[in-house]
Structure formats: structure tokens, C-alpha cells
file start.tsv (TSV, C-alpha atoms)
chain	number	residue	atom	x	y	z
M	658	MET	CA	32.63	84.43	-15.46
M	659	GLY	CA	32.19	81.47	-13.13
M	660	ILE	CA	29.66	83.36	-10.95
M	661	GLY	CA	27.58	84.31	-14.00
M	662	LEU	CA	27.45	80.68	-15.19
M	663	PHE	CA	26.33	79.52	-11.74
M	664	ILE	CA	23.48	82.12	-11.71
M	665	CYS	CA	22.34	81.04	-15.18
M	666	LEU	CA	22.24	77.41	-14.08
M	667	VAL	CA	20.19	78.28	-11.00
M	668	ILE	CA	17.75	80.36	-13.03
M	669	GLY	CA	17.47	77.65	-15.66
M	670	CYS	CA	16.68	75.02	-13.06
M	671	ALA	CA	14.09	77.22	-11.43
M	672	ASP	CA	12.30	77.74	-14.75
M	673	LYS	CA	11.55	73.94	-15.17
M	674	PRO	CA	7.94	72.98	-14.27
M	675	GLU	CA	7.41	70.67	-11.30
M	676	ALA	CA	6.47	67.05	-12.06
M	677	ASP	CA	2.94	65.96	-11.29
M	678	SER	CA	3.46	64.47	-7.84
M	679	SER	CA	-0.17	63.35	-7.57
M	680	ALA	CA	0.17	60.90	-10.49
M	681	SER	CA	3.37	59.28	-9.18
M	682	SER	CA	2.09	58.92	-5.61
M	683	VAL	CA	-0.47	56.18	-6.48
M	684	PRO	CA	1.45	52.91	-6.89
M	685	GLN	CA	0.35	50.38	-9.46
M	686	VAL	CA	-0.13	46.75	-8.42
M	687	GLU	CA	-1.26	43.68	-10.32
M	688	VAL	CA	-4.25	41.83	-8.90
M	689	ILE	CA	-6.32	38.75	-9.58
M	690	THR	CA	-10.03	38.31	-9.05
M	691	ILE	CA	-10.80	35.61	-6.52
M	692	LYS	CA	-12.81	32.75	-8.03
M	693	THR	CA	-14.01	29.34	-6.90
M	694	GLN	CA	-13.53	26.11	-8.79
M	695	SER	CA	-13.70	22.33	-8.43
M	696	ILE	CA	-10.30	20.70	-8.03
M	697	ALA	CA	-8.84	17.28	-7.38
M	698	ASP	CA	-8.14	16.94	-3.66
M	699	GLU	CA	-5.18	14.56	-3.36
M	700	PRO	CA	-3.64	14.16	0.10
M	701	GLU	CA	-0.21	12.58	0.36
M	702	PHE	CA	1.01	10.11	2.99
M	703	ILE	CA	4.19	8.24	3.77
M	704	GLY	CA	3.94	4.55	2.93
M	705	GLN	CA	6.05	1.42	3.23
M	706	ALA	CA	6.12	-1.39	0.69
M	707	GLN	CA	5.27	-4.91	1.77
M	708	SER	CA	5.48	-8.12	-0.21
M	709	PHE	CA	2.16	-9.49	-1.39
M	710	ARG	CA	2.68	-13.01	-0.10
M	711	PRO	CA	5.69	-14.04	1.97
M	712	VAL	CA	5.54	-17.85	2.26
M	713	GLU	CA	7.47	-19.71	4.95
M	714	ILE	CA	8.94	-23.00	3.79
M	715	ARG	CA	8.86	-25.70	6.49
M	716	SER	CA	9.16	-29.46	6.28
M	717	GLN	CA	6.21	-31.72	7.04
M	718	VAL	CA	8.57	-34.48	8.19
M	719	SER	CA	11.61	-34.70	10.44
M	720	GLY	CA	14.82	-35.90	8.88
M	721	ILE	CA	18.21	-35.14	7.35
M	722	ILE	CA	18.51	-32.71	4.44
M	723	LYS	CA	19.80	-34.80	1.56
M	724	GLN	CA	19.92	-32.19	-1.23
M	725	ILE	CA	19.14	-28.50	-1.96
M	726	PHE	CA	17.97	-27.74	-5.52
M	727	PHE	CA	17.71	-23.94	-5.64
M	728	THR	CA	20.12	-21.02	-5.75
M	729	GLU	CA	19.54	-18.50	-2.98
M	730	GLY	CA	18.09	-15.13	-3.98
M	731	ARG	CA	16.80	-16.29	-7.37
M	732	ASN	CA	13.33	-16.31	-8.89
M	733	ILE	CA	11.50	-19.61	-8.73
M	734	LYS	CA	8.19	-20.91	-10.03
M	735	LYS	CA	5.37	-22.74	-8.33
M	736	GLY	CA	6.23	-26.43	-8.16
M	737	ASP	CA	10.02	-26.01	-8.41
M	738	ARG	CA	12.00	-28.41	-6.22
M	739	LEU	CA	13.60	-26.84	-3.14
M	740	TYR	CA	14.77	-29.52	-0.65
M	741	LEU	CA	15.02	-33.28	-0.48
M	742	ILE	CA	14.80	-34.92	2.96
M	743	ASP	CA	16.55	-38.32	3.04
M	744	PRO	CA	13.70	-40.56	1.76
M	745	VAL	CA	15.20	-43.96	2.72
M	746	PRO	CA	13.49	-44.42	6.12
M	747	PHE	CA	10.21	-43.06	4.77
M	748	LYS	CA	10.31	-45.37	1.78
M	749	ALA	CA	10.93	-48.32	4.10
M	750	ALA	CA	7.98	-47.27	6.28
M	751	TYR	CA	5.78	-46.99	3.21
M	752	GLN	CA	6.72	-50.45	1.96
M	753	ARG	CA	6.18	-51.92	5.43
M	754	ASN	CA	2.70	-50.45	5.54
M	755	GLN	CA	2.00	-51.77	2.08
M	756	ALA	CA	2.79	-55.24	3.41
M	757	ASN	CA	0.55	-54.66	6.44
M	758	VAL	CA	-2.32	-53.71	4.16
M	759	ALA	CA	-1.79	-56.80	2.03
M	760	GLN	CA	-1.71	-58.97	5.16
M	761	ALA	CA	-4.89	-57.34	6.49
M	762	LYS	CA	-6.68	-58.01	3.20
M	763	VAL	CA	-5.72	-61.70	3.35
M	764	ARG	CA	-6.98	-61.94	6.93
M	765	LEU	CA	-10.26	-60.28	6.00
M	766	LYS	CA	-10.72	-62.62	3.08
M	767	GLN	CA	-10.05	-65.64	5.27
M	768	ALA	CA	-12.53	-64.44	7.90
M	769	GLN	CA	-15.21	-63.86	5.26
M	770	GLN	CA	-14.65	-67.36	3.87
M	771	ASP	CA	-14.90	-68.92	7.35
M	772	LEU	CA	-18.17	-67.09	7.97
M	773	ALA	CA	-19.53	-68.25	4.63
M	774	ARG	CA	-18.74	-71.92	5.53
M	775	VAL	CA	-20.30	-71.95	9.00
M	776	ARG	CA	-23.57	-70.17	8.18
M	777	PRO	CA	-25.09	-73.13	6.23
M	778	LEU	CA	-24.07	-75.47	9.09
M	779	LEU	CA	-26.23	-73.55	11.57
M	780	GLU	CA	-29.38	-74.58	9.66
M	781	LYS	CA	-28.28	-78.20	9.95
M	782	LYS	CA	-27.53	-77.63	13.63
M	783	ALA	CA	-23.96	-78.78	12.99
M	784	VAL	CA	-22.62	-75.65	14.73
M	785	SER	CA	-23.95	-73.43	17.46
M	786	LYS	CA	-25.07	-69.81	17.27
M	787	LYS	CA	-21.87	-68.89	19.11
M	788	ASN	CA	-19.78	-70.25	16.27
M	789	ILE	CA	-21.61	-67.89	13.89
M	790	ASP	CA	-21.14	-64.95	16.24
M	791	ASP	CA	-17.43	-65.67	16.55
M	792	ALA	CA	-17.02	-65.83	12.76
M	793	GLU	CA	-18.87	-62.53	12.27
M	794	ALA	CA	-16.76	-60.89	14.95
M	795	GLU	CA	-13.62	-62.06	13.20
M	796	VAL	CA	-14.80	-60.46	9.95
M	797	HIS	CA	-15.46	-57.15	11.72
M	798	ALA	CA	-12.07	-57.29	13.40
M	799	ALA	CA	-10.34	-58.03	10.11
M	800	LYS	CA	-12.08	-55.03	8.50
M	801	ALA	CA	-10.95	-52.77	11.33
M	802	ILE	CA	-7.37	-54.02	11.01
M	803	LEU	CA	-7.49	-53.38	7.26
M	804	ASN	CA	-8.80	-49.83	7.77
M	805	ALA	CA	-6.06	-49.10	10.30
M	806	ALA	CA	-3.41	-50.50	7.96
M	807	GLN	CA	-4.72	-48.43	5.07
M	808	ASN	CA	-4.64	-45.27	7.21
M	809	GLU	CA	-1.06	-45.99	8.19
M	810	LEU	CA	-0.23	-46.51	4.52
M	811	THR	CA	-1.80	-43.14	3.65
M	812	LYS	CA	0.28	-41.46	6.36
M	813	ALA	CA	3.44	-43.23	5.15
M	814	LYS	CA	2.70	-42.14	1.56
M	815	PHE	CA	2.17	-38.56	2.75
M	816	ASP	CA	5.50	-38.59	4.59
M	817	LEU	CA	7.34	-40.09	1.66
M	818	ASP	CA	5.88	-37.54	-0.77
M	819	ASN	CA	6.84	-34.69	1.56
M	820	THR	CA	10.49	-35.65	1.62
M	821	LEU	CA	10.57	-33.60	-1.60
M	822	ILE	CA	9.72	-29.97	-0.75
M	823	THR	CA	8.50	-27.79	-3.62
M	824	SER	CA	7.57	-24.10	-3.90
M	825	PRO	CA	3.86	-23.34	-3.39
M	826	VAL	CA	4.04	-19.97	-5.25
M	827	ASN	CA	5.96	-18.01	-7.85
M	828	GLY	CA	8.41	-15.59	-6.26
M	829	ARG	CA	11.93	-14.93	-5.11
M	830	ILE	CA	13.54	-17.28	-2.63
M	831	GLY	CA	15.66	-16.06	0.26
M	832	ARG	CA	18.63	-17.58	2.05
M	833	SER	CA	18.46	-21.15	3.26
M	834	GLN	CA	18.65	-21.49	7.04
M	835	PHE	CA	19.83	-25.12	6.82
M	836	TYR	CA	22.07	-27.02	4.46
M	837	GLU	CA	22.87	-30.63	3.54
M	838	GLY	CA	23.37	-32.96	6.47
M	839	ARG	CA	21.33	-30.95	8.98
M	840	LEU	CA	18.58	-32.60	11.01
M	841	ILE	CA	15.34	-30.62	10.85
M	842	GLU	CA	12.15	-30.91	12.87
M	843	ALA	CA	8.78	-31.30	11.20
M	844	GLN	CA	6.79	-28.03	11.04
M	845	GLU	CA	9.22	-26.28	13.41
M	846	SER	CA	12.39	-25.62	11.43
M	847	LEU	CA	12.02	-22.61	9.09
M	848	LEU	CA	14.02	-23.59	6.03
M	849	THR	CA	13.63	-20.44	3.91
M	850	THR	CA	11.07	-17.95	2.62
M	851	VAL	CA	9.62	-17.42	-0.84
M	852	THR	CA	8.43	-13.85	-1.42
M	853	GLN	CA	5.89	-13.01	-4.10
M	854	LEU	CA	6.75	-9.53	-5.44
M	855	ASP	CA	3.97	-9.02	-7.98
M	856	PRO	CA	1.71	-7.40	-7.00
M	857	MET	CA	3.04	-5.44	-4.00
M	858	TYR	CA	1.33	-3.83	-1.03
M	859	VAL	CA	2.03	-0.31	0.24
M	860	ASN	CA	0.81	0.44	3.76
M	861	VAL	CA	0.02	4.04	4.72
M	862	ASN	CA	-0.80	5.46	8.15
M	863	VAL	CA	-3.49	8.15	8.10
M	864	PRO	CA	-3.54	10.56	11.10
M	865	GLU	CA	-6.72	10.82	13.15
M	866	SER	CA	-6.80	14.60	12.59
M	867	TYR	CA	-7.01	14.06	8.83
M	868	LEU	CA	-9.81	11.49	9.24
M	869	LEU	CA	-11.86	13.88	11.36
M	870	ARG	CA	-11.36	16.79	8.95
M	871	ARG	CA	-12.18	14.64	5.94
M	872	ARG	CA	-15.35	13.33	7.59
M	873	ARG	CA	-16.47	16.87	8.40
M	874	GLU	CA	-15.83	18.00	4.82
M	875	LEU	CA	-17.84	15.08	3.46
M	876	VAL	CA	-20.77	15.90	5.76
M	877	GLU	CA	-20.62	19.56	4.70
M	878	ARG	CA	-20.44	18.45	1.03
M	879	LYS	CA	-17.22	20.34	0.47
M	880	ILE	CA	-15.68	17.10	-0.78
M	881	GLU	CA	-17.08	14.58	-3.24
M	882	SER	CA	-15.83	11.04	-2.68
M	883	PRO	CA	-16.12	7.78	-4.63
M	884	ASP	CA	-16.57	4.44	-2.92
M	885	LEU	CA	-13.72	3.92	-0.45
M	886	PHE	CA	-12.19	1.04	-2.37
M	887	GLN	CA	-12.27	2.96	-5.64
M	888	LEU	CA	-9.62	5.36	-4.36
M	889	ARG	CA	-6.37	5.15	-6.31
M	890	GLY	CA	-2.79	5.77	-5.27
M	891	GLU	CA	0.15	7.39	-7.06
M	892	MET	CA	3.53	6.37	-5.68
M	893	THR	CA	6.64	8.55	-5.55
M	894	PHE	CA	10.05	7.19	-4.59
M	895	SER	CA	12.66	8.88	-2.42
M	896	ASP	CA	14.50	10.22	-5.48
M	897	GLY	CA	11.36	11.97	-6.74
M	898	THR	CA	10.59	9.38	-9.42
M	899	VAL	CA	6.86	8.76	-9.92
M	900	TYR	CA	5.91	5.11	-10.41
M	901	SER	CA	4.22	4.49	-13.76
M	902	GLU	CA	1.51	2.20	-12.37
M	903	GLU	CA	-1.37	3.32	-10.14
M	904	GLY	CA	-2.46	1.29	-7.13
M	905	VAL	CA	-5.92	0.73	-5.65
M	906	LEU	CA	-6.99	0.83	-2.01
M	907	ASP	CA	-7.90	-2.73	-1.05
M	908	PHE	CA	-7.91	-2.59	2.77
M	909	ALA	CA	-8.66	-0.09	5.54
M	910	ASP	CA	-8.26	-1.05	9.17
M	911	VAL	CA	-11.20	-0.83	11.57
M	912	THR	CA	-9.35	0.52	14.61
M	913	LEU	CA	-6.86	3.30	15.27
M	914	ARG	CA	-3.42	2.39	16.49
M	915	PRO	CA	-3.31	3.87	20.00
M	916	GLU	CA	0.48	4.28	19.99
M	917	THR	CA	0.44	6.48	16.88
M	918	GLY	CA	-3.15	7.72	16.60
M	919	THR	CA	-3.29	6.58	12.97
M	920	LEU	CA	-5.45	4.32	10.84
M	921	GLN	CA	-3.70	1.96	8.46
M	922	GLY	CA	-4.74	1.67	4.84
M	923	ARG	CA	-3.25	-0.57	2.19
M	924	PHE	CA	-2.81	-0.02	-1.55
M	925	ARG	CA	-2.09	-2.81	-4.03
M	926	PHE	CA	0.31	-1.90	-6.84
M	927	PRO	CA	1.24	-4.04	-9.86
M	928	ASN	CA	4.95	-4.80	-9.88
M	929	PRO	CA	5.71	-6.67	-13.12
M	930	ASP	CA	9.43	-6.01	-12.65
M	931	GLY	CA	9.24	-8.17	-9.53
M	932	LYS	CA	9.25	-11.16	-11.87
M	933	GLY	CA	12.62	-10.11	-13.29
M	934	GLU	CA	16.07	-10.90	-12.05
M	935	PRO	CA	17.15	-9.76	-8.55
M	936	GLY	CA	18.23	-6.13	-8.53
M	937	HIS	CA	15.88	-5.21	-11.38
M	938	SER	CA	12.66	-4.90	-9.34
M	939	TYR	CA	11.37	-1.35	-9.27
M	940	PHE	CA	10.50	-1.49	-5.60
M	941	LEU	CA	11.03	-3.99	-2.82
M	942	SER	CA	9.51	-4.91	0.51
M	943	GLY	CA	10.39	-2.44	3.28
M	944	GLN	CA	10.99	0.49	0.91
M	945	PHE	CA	9.60	3.89	2.02
M	946	VAL	CA	7.58	5.84	-0.54
M	947	LYS	CA	5.00	8.63	-0.77
M	948	VAL	CA	1.46	7.78	-1.82
M	949	ARG	CA	-0.85	10.44	-3.24
M	950	VAL	CA	-4.49	9.44	-2.87
M	951	LYS	CA	-6.63	10.15	-5.96
M	952	GLY	CA	-10.40	10.22	-6.26
M	953	TYR	CA	-11.59	13.07	-4.01
M	954	ILE	CA	-13.03	16.23	-5.61
M	955	ARG	CA	-13.18	19.54	-3.69
M	956	HIS	CA	-15.91	21.97	-4.74
M	957	ASN	CA	-15.89	25.79	-4.38
M	958	ALA	CA	-12.15	25.83	-3.79
M	959	ILE	CA	-10.20	29.09	-3.81
M	960	LEU	CA	-6.69	28.94	-5.26
M	961	ILE	CA	-4.24	31.86	-5.38
M	962	PRO	CA	-0.58	31.98	-6.45
M	963	GLN	CA	1.89	31.17	-3.71
M	964	ARG	CA	3.58	34.57	-4.09
M	965	ALA	CA	0.32	36.29	-3.05
M	966	VAL	CA	0.40	34.67	0.41
M	967	HIS	CA	2.62	36.39	2.97
M	968	GLN	CA	3.70	35.41	6.46
M	969	GLY	CA	3.28	37.80	9.37
M	970	PRO	CA	3.60	37.60	13.16
M	971	LYS	CA	0.02	36.33	13.40
M	972	GLY	CA	0.15	33.91	10.47
M	973	SER	CA	-0.62	34.00	6.75
M	974	PHE	CA	-2.25	37.00	5.06
M	975	VAL	CA	-3.08	38.36	1.60
M	976	PHE	CA	-3.14	41.99	0.44
M	977	VAL	CA	-6.76	42.53	-0.63
M	978	ILE	CA	-7.66	45.61	-2.69
M	979	ASN	CA	-11.08	46.77	-1.46
M	980	GLU	CA	-13.79	48.66	-3.31
M	981	GLU	CA	-12.05	51.99	-2.56
M	982	ASP	CA	-8.86	50.67	-4.18
M	983	LYS	CA	-7.16	50.65	-0.79
M	984	VAL	CA	-4.84	47.97	0.52
M	985	GLU	CA	-6.25	45.72	3.23
M	986	PRO	CA	-4.09	42.95	4.79
M	987	ARG	CA	-6.47	40.00	5.17
M	988	PRO	CA	-5.67	37.03	7.45
M	989	VAL	CA	-6.22	33.73	5.61
M	990	LEU	CA	-6.00	30.04	6.31
M	991	ALA	CA	-3.75	28.54	3.63
M	992	THR	CA	-3.89	24.79	4.20
M	993	SER	CA	-2.09	23.10	1.32
M	994	TRP	CA	-0.30	23.50	-1.97
M	995	HIS	CA	-2.06	22.73	-5.19
M	996	GLY	CA	0.61	22.80	-7.84
M	997	LYS	CA	2.03	26.35	-7.66
M	998	GLU	CA	-0.92	27.76	-5.77
M	999	TRP	CA	-2.21	27.83	-2.21
M	1000	LEU	CA	-5.57	26.38	-1.27
M	1001	ILE	CA	-7.33	28.99	0.91
M	1002	GLU	CA	-9.79	27.48	3.39
M	1003	ASN	CA	-11.14	30.80	4.67
M	1004	GLY	CA	-10.40	34.53	4.66
M	1005	LEU	CA	-11.17	35.30	1.00
M	1006	ASN	CA	-14.47	35.59	-0.86
M	1007	PRO	CA	-15.29	35.19	-4.55
M	1008	GLY	CA	-15.13	38.48	-6.46
M	1009	GLU	CA	-12.50	40.11	-4.23
M	1010	ARG	CA	-9.18	41.25	-5.62
M	1011	GLY	CA	-5.87	40.01	-4.30
M	1012	ALA	CA	-2.48	41.58	-5.03
M	1013	VAL	CA	0.03	39.33	-6.77
M	1014	GLU	CA	2.72	41.80	-7.88
M	1015	GLY	CA	4.13	45.15	-6.69
M	1016	PHE	CA	4.20	44.42	-2.96
M	1017	PHE	CA	7.23	46.64	-2.33
M	1018	ARG	CA	5.22	49.69	-3.48
M	1019	ILE	CA	2.23	49.28	-1.15
M	1020	LEU	CA	1.41	49.71	2.52
M	1021	PRO	CA	-1.78	48.90	4.45
M	1022	GLY	CA	-4.46	51.55	3.93
M	1023	ILE	CA	-2.93	53.37	0.96
M	1024	LYS	CA	-4.74	53.78	-2.32
M	1025	VAL	CA	-3.38	51.94	-5.32
M	1026	ASN	CA	-3.95	51.63	-9.03
M	1027	ALA	CA	-5.14	48.00	-9.34
M	1028	VAL	CA	-4.43	46.38	-12.70
M	1029	VAL	CA	-5.88	42.95	-13.38
M	1030	GLN	CA	-3.13	40.50	-14.23
M	1031	PRO	CA	-3.48	39.45	-17.89
M	1032	SER	CA	-2.91	35.74	-17.23
M	1033	VAL	CA	-2.69	33.56	-14.14
M	1034	GLU	CA	-1.31	30.05	-13.86
M	1035	THR	CA	-4.06	27.65	-12.99
M	1036	GLY	CA	-3.76	24.93	-10.39
M	1037	THR	CA	-2.60	21.49	-11.35
M	1038	ALA	CA	-4.40	18.28	-10.58
M	1039	SER	CA	-2.36	17.43	-7.50
M	1040	GLN	CA	-2.21	18.57	-3.94
M	1041	HIS	CA	0.39	18.29	-1.22
M	1042	ASP	CA	-0.82	18.08	2.36

call {"tool": "encode", "arguments": {"input": "start.tsv", "output": "C-alpha cells"}}
result
Amino acid sequence: MGIGLFICLVIGCADKPEADSSASSVPQVEVITIKTQSIADEPEFIGQAQSFRPVEIRSQVSGIIKQIFFTEGRNIKKGDRLYLIDPVPFKAAYQRNQANVAQAKVRLKQAQQDLARVRPLLEKKAVSKKNIDDAEAEVHAAKAILNAAQNELTKAKFDLDNTLITSPVNGRIGRSQFYEGRLIEAQESLLTTVTQLDPMYVNVNVPESYLLRRRRELVERKIESPDLFQLRGEMTFSDGTVYSEEGVLDFADVTLRPETGTLQGRFRFPNPDGKGEPGHSYFLSGQFVKVRVKGYIRHNAILIPQRAVHQGPKGSFVFVINEEDKVEPRPVLATSWHGKEWLIENGLNPGERGAVEGFFRILPGIKVNAVVQPSVETGTASQHD
């Protein structure tokens, strides 16, 4: 009974027709047709924030600090009082010079009156020409003394006024280096610093290799560029947050830094939060950020999905499906990301087909059933170098 069942099973299996092996031997892969397009070319560089205007506060006069009016680390306005240098000796000097000016005026008036009295006497020959010359000389001397006294008074007024030190800008004041009772030297002692935080600078260092490549692309008209100082910057912080305000390029250095082989550029960003209370500013001097440069347009660019680019022993390659529907590994130069796609500098031509799905079913040289992918994600308007 068991042997008969086994024979029936064998016969039954032998009677089934063989599957069409020719149809299953041709693997199916999804492909895209290579096209060119114009895209935004937006290189990204590391930058460091720098305050727009750090102002050093120094005294114009030497003296003892009498009073400090500000609280360290707070926002201040232009004209706010900062320090008071003991004004007593400067006020005394000013009053003394006022007296000297008054005395010089009296002397000048007396000399002018003497000259006016002796001039008529010369016609009557009651005095000699020397008497006239002496009187005129005295007038000139009195005028010189008055001018000197007035200059000293101006200097004394300047010193007295500068015993009160005020802020020259709006900003945030740092720590005071000296306190009440300390003797400070005119123009030498750094009292504190006021930092203007709105707007803010961001300095970026551009490698020489990038400058050479960009210049070559501009000459070859692969890249369209606006005026240099119309380039804009988008800033990204270390936590991935993108700053809401765009900056503009306002400075580019004229020489490379030999120690780094880079050229420094500077973007100016609005920082309205810098006017707020300490700790609420969105970014501060010394902070490291990423700056994406906007304004360049790349023409005839080829973008393909990242999954279509493979890495081999000799570099990047793409599976190209040729006119005979056979698989051809093609070396490519994939230079940068553009959203979720690779920018291909060379290796692919418009109209060719590149495989994007079904890689595990294909080998170089085999024939495949190429199916055009129904939809492909297009590149975004940003690029990562």
C-alpha cells in the first residue's frame, strides 16, 4: 500500500509541466532617465560669530574712581553714565584757568588803553617812537598770554568733562576691571568693554581648493553668480536649528592666510534678540555655526537619488542600463549632496538610464527588464559640500 502511494506521487509530480525558466531568468529593475536641470548651488562653511562693534572703555584723564553707575553684564544705551573719576582736582584746575583767562583779559585791556594814550602824543613829539613800539609789543604779548590762558581753560574743561565717562554705543557691558578707589592712568587703563550685539558678524574661512574650483566653473559658465556682495548666508547652529534671519556678505579678504590656505569672508546677520536681556540673545560672539552661501545657480546639473550611487574599490559607480538592456557599472564623480540626491560631476550623460531599485537581482553584463520608476523625488534647493 505504501509503495503504491509513493509511485503515484512520483508519477503525479512527473506529469506537471516545467515552469518557463526563460521568463524568470530576466530580473526586473527600476530605472530613471538621466536629465539635466538648473539648481541652486549652495556650499556650506564653518563660521564663527563676532560682535559687530566691541568698544573699549578707557579714561581720558588720570585719577581715582569715585563711583561706578552700571551693573556688569547688563544692556546699556548710548550716553549712559559708566564711571565718575574724582572731579575735585579737575574742577579746581578749571576754576584756576578761568581766573587766568580773566587776568589775561584785564592785562590786554590795559595794554590796549596804554597804546591808545601814547599814539596821539607821538604827533606832538611828547613821546618817542620807541614808546609806541613798546606799547604795541605789550598789546601783542597780552594777546598771546590770553590765547594761552584760553587754551589751558579749554584743556581744563575737557578734563573736567571727562571725569564722567559715558557709553559711546548701545550694547552689553562686560565686567569692570577696576572699582571705586583705584587709581587709573589716562588712555592706558582698560576699564571695561561695551559690545554691540545687533547686528552680528559671522566669519567664514573658504579653502583655496574651493576658490579655484569655483573660479573654473564660472569661467566655463557652469555656474551663474550674482555680484559678490549680493551673496546671502543661511546660518545653522550646532543643534541643527536654522536661524530665521538671512545674512549678507559684506567683506571678503584680499589675501589668503598662509597658515591655513583659506580666504576669510564675513557675513552680517541681524540679531534683534541681542538687544534683549542677557541669556536671551540667539547667538553670541565666539559661537561656532554653519553658513550656507546662497546666490549661485548651477546649470546642466545631473542629480540622481543617493541609493543609486554605490561604492566600490575604485570609488563611486552607478549601474547604467545600456541600449541592449544590459547592466553596465559606470564610474562617476559624485561631489556633493543636494537634498536626498547626489550631484554627479561626470560619468553620466542625459538620456541614459540608471538603476535605482532591484540591485540584489542584477550583475554586470546581464540583461534586465528595465522599468521606468513612476515617480522620483526631486532635489531640494540646498546643497551640502

call {"tool": "atom_distance", "arguments": {"input": "start.tsv", "atom1": "atom CA of Leu868 of chain M", "atom2": "atom CA of Leu1005 of chain M"}}
result
25.2 Å

call {"tool": "atom_distance", "arguments": {"input": "start.tsv", "atom1": "atom CA of Val1013 of chain M", "atom2": "atom CA of Gln685 of chain M"}}
result
11.4 Å

call {"tool": "closest_atom_pairs", "arguments": {"input": "start.tsv", "of": "segment 689-762 of chain M", "to": "segment 917-926 of chain M", "cutoff": "12 Å", "atoms": "only C-alpha atoms", "output": "JSON lines"}}
result
{"residue": "M:Phe702", "atom": "CA", "partner": "M:Gly922", "partner_atom": "CA", "distance": 10.4}
{"residue": "M:Ile703", "atom": "CA", "partner": "M:Gln921", "partner_atom": "CA", "distance": 11.1}
{"residue": "M:Gly704", "atom": "CA", "partner": "M:Arg923", "partner_atom": "CA", "distance": 8.9}
{"residue": "M:Gln705", "atom": "CA", "partner": "M:Arg923", "partner_atom": "CA", "distance": 9.6}
{"residue": "M:Ala706", "atom": "CA", "partner": "M:Phe924", "partner_atom": "CA", "distance": 9.3}
{"residue": "M:Gln707", "atom": "CA", "partner": "M:Arg923", "partner_atom": "CA", "distance": 9.6}
{"residue": "M:Ser708", "atom": "CA", "partner": "M:Arg925", "partner_atom": "CA", "distance": 10.0}
{"residue": "M:Phe709", "atom": "CA", "partner": "M:Arg925", "partner_atom": "CA", "distance": 8.3}
{"residue": "M:Arg710", "atom": "CA", "partner": "M:Arg925", "partner_atom": "CA", "distance": 11.9}

call {"tool": "closest_residue", "arguments": {"input": "start.tsv", "among": "M:Pro962, M:Gly1022, M:Gly996, M:Pro986", "to": "Ile691 of chain M", "atoms": "all atoms listed in the file"}}
result
M:Pro962

call {"tool": "residues_around", "arguments": {"input": "start.tsv", "residues": "Ser882 of chain M", "least_positions_apart": "2", "cutoff": "12 Å", "atoms": "all atoms listed in the file", "output": "ChimeraX atom specification"}}
result
/M:697-699,871-872,874-876,878-880,884-889,950-956

call {"tool": "residues_near_point", "arguments": {"input": "start.tsv", "point": "(-4.5, 39.7, 4.7)", "cutoff": "8 Å", "atoms": "only C-alpha atoms", "output": "list in words"}}
result
Ser973, Phe974, Val975, Phe976, Val977, Glu985, Pro986, Arg987, Pro988, Val989 and Gly1004 of chain M

call {"tool": "residues_around", "arguments": {"input": "start.tsv", "residues": "segment 825-836 of chain M", "least_positions_apart": "4", "cutoff": "6 Å", "atoms": "all atoms listed in the file", "output": "list in words"}}
result
Glu729, Gly730, Arg731, Asn732, Ile733, Lys734, Lys735, Leu848, Thr849, Thr850, Val851, Thr852 and Gln853 of chain M

call {"tool": "closest_residue", "arguments": {"input": "start.tsv", "among": "M:Gln1030, M:Glu891, M:Val1025, M:Gly1008", "to": "Glu701 of chain M", "atoms": "all atoms listed in the file"}}
result
M:Glu891

call {"tool": "atom_distance", "arguments": {"input": "start.tsv", "atom1": "atom CA of Ser785 of chain M", "atom2": "atom CA of Ala799 of chain M"}}
result
21.8 Å

call {"tool": "closest_residue", "arguments": {"input": "start.tsv", "among": "M:Ser846, M:Asn928, M:Asn808, M:Thr728", "to": "Gly904 of chain M", "atoms": "all atoms listed in the file"}}
result
M:Asn928

call {"tool": "build_atoms", "arguments": {"input": "start.tsv", "residues": "segment 689-700 of chain M", "atoms": "N, CA and C atoms", "output": "JSON list (two decimals), keeping the file's coordinate frame"}}
result
[["chain", "number", "residue", "atom", "x", "y", "z"],
["M", 689, "ILE", "N", -5.47, 39.77, -8.98],
["M", 689, "ILE", "CA", -6.32, 38.75, -9.58],
["M", 689, "ILE", "C", -7.68, 38.81, -8.91],
["M", 690, "THR", "N", -8.69, 38.39, -9.62],
["M", 690, "THR", "CA", -10.03, 38.31, -9.05],
["M", 690, "THR", "C", -10.24, 36.92, -8.47],
["M", 691, "ILE", "N", -10.63, 36.89, -7.22],
["M", 691, "ILE", "CA", -10.80, 35.61, -6.52],
["M", 691, "ILE", "C", -11.99, 34.86, -7.11],
["M", 692, "LYS", "N", -11.76, 33.60, -7.48],
["M", 692, "LYS", "CA", -12.81, 32.75, -8.03],
["M", 692, "LYS", "C", -12.81, 31.40, -7.33],
["M", 693, "THR", "N", -13.91, 30.71, -7.43],
["M", 693, "THR", "CA", -14.01, 29.34, -6.90],
["M", 693, "THR", "C", -14.00, 28.36, -8.06],
["M", 694, "GLN", "N", -13.56, 27.15, -7.77],
["M", 694, "GLN", "CA", -13.53, 26.11, -8.79],
["M", 694, "GLN", "C", -13.52, 24.74, -8.12],
["M", 695, "SER", "N", -13.79, 23.72, -8.91],
["M", 695, "SER", "CA", -13.70, 22.33, -8.43],
["M", 695, "SER", "C", -12.32, 21.79, -8.79],
["M", 696, "ILE", "N", -11.67, 21.18, -7.82],
["M", 696, "ILE", "CA", -10.30, 20.70, -8.03],
["M", 696, "ILE", "C", -10.17, 19.27, -7.46],
["M", 697, "ALA", "N", -9.17, 18.60, -7.93],
["M", 697, "ALA", "CA", -8.84, 17.28, -7.38],
["M", 697, "ALA", "C", -8.16, 17.47, -6.03],
["M", 698, "ASP", "N", -8.71, 16.86, -5.01],
["M", 698, "ASP", "CA", -8.14, 16.94, -3.66],
["M", 698, "ASP", "C", -7.36, 15.66, -3.40],
["M", 699, "GLU", "N", -6.03, 15.76, -3.37],
["M", 699, "GLU", "CA", -5.18, 14.56, -3.36],
["M", 699, "GLU", "C", -4.17, 14.63, -2.21],
["M", 700, "PRO", "N", -4.58, 14.17, -1.04],
["M", 700, "PRO", "CA", -3.64, 14.16, 0.10],
["M", 700, "PRO", "C", -2.51, 13.18, -0.13]]
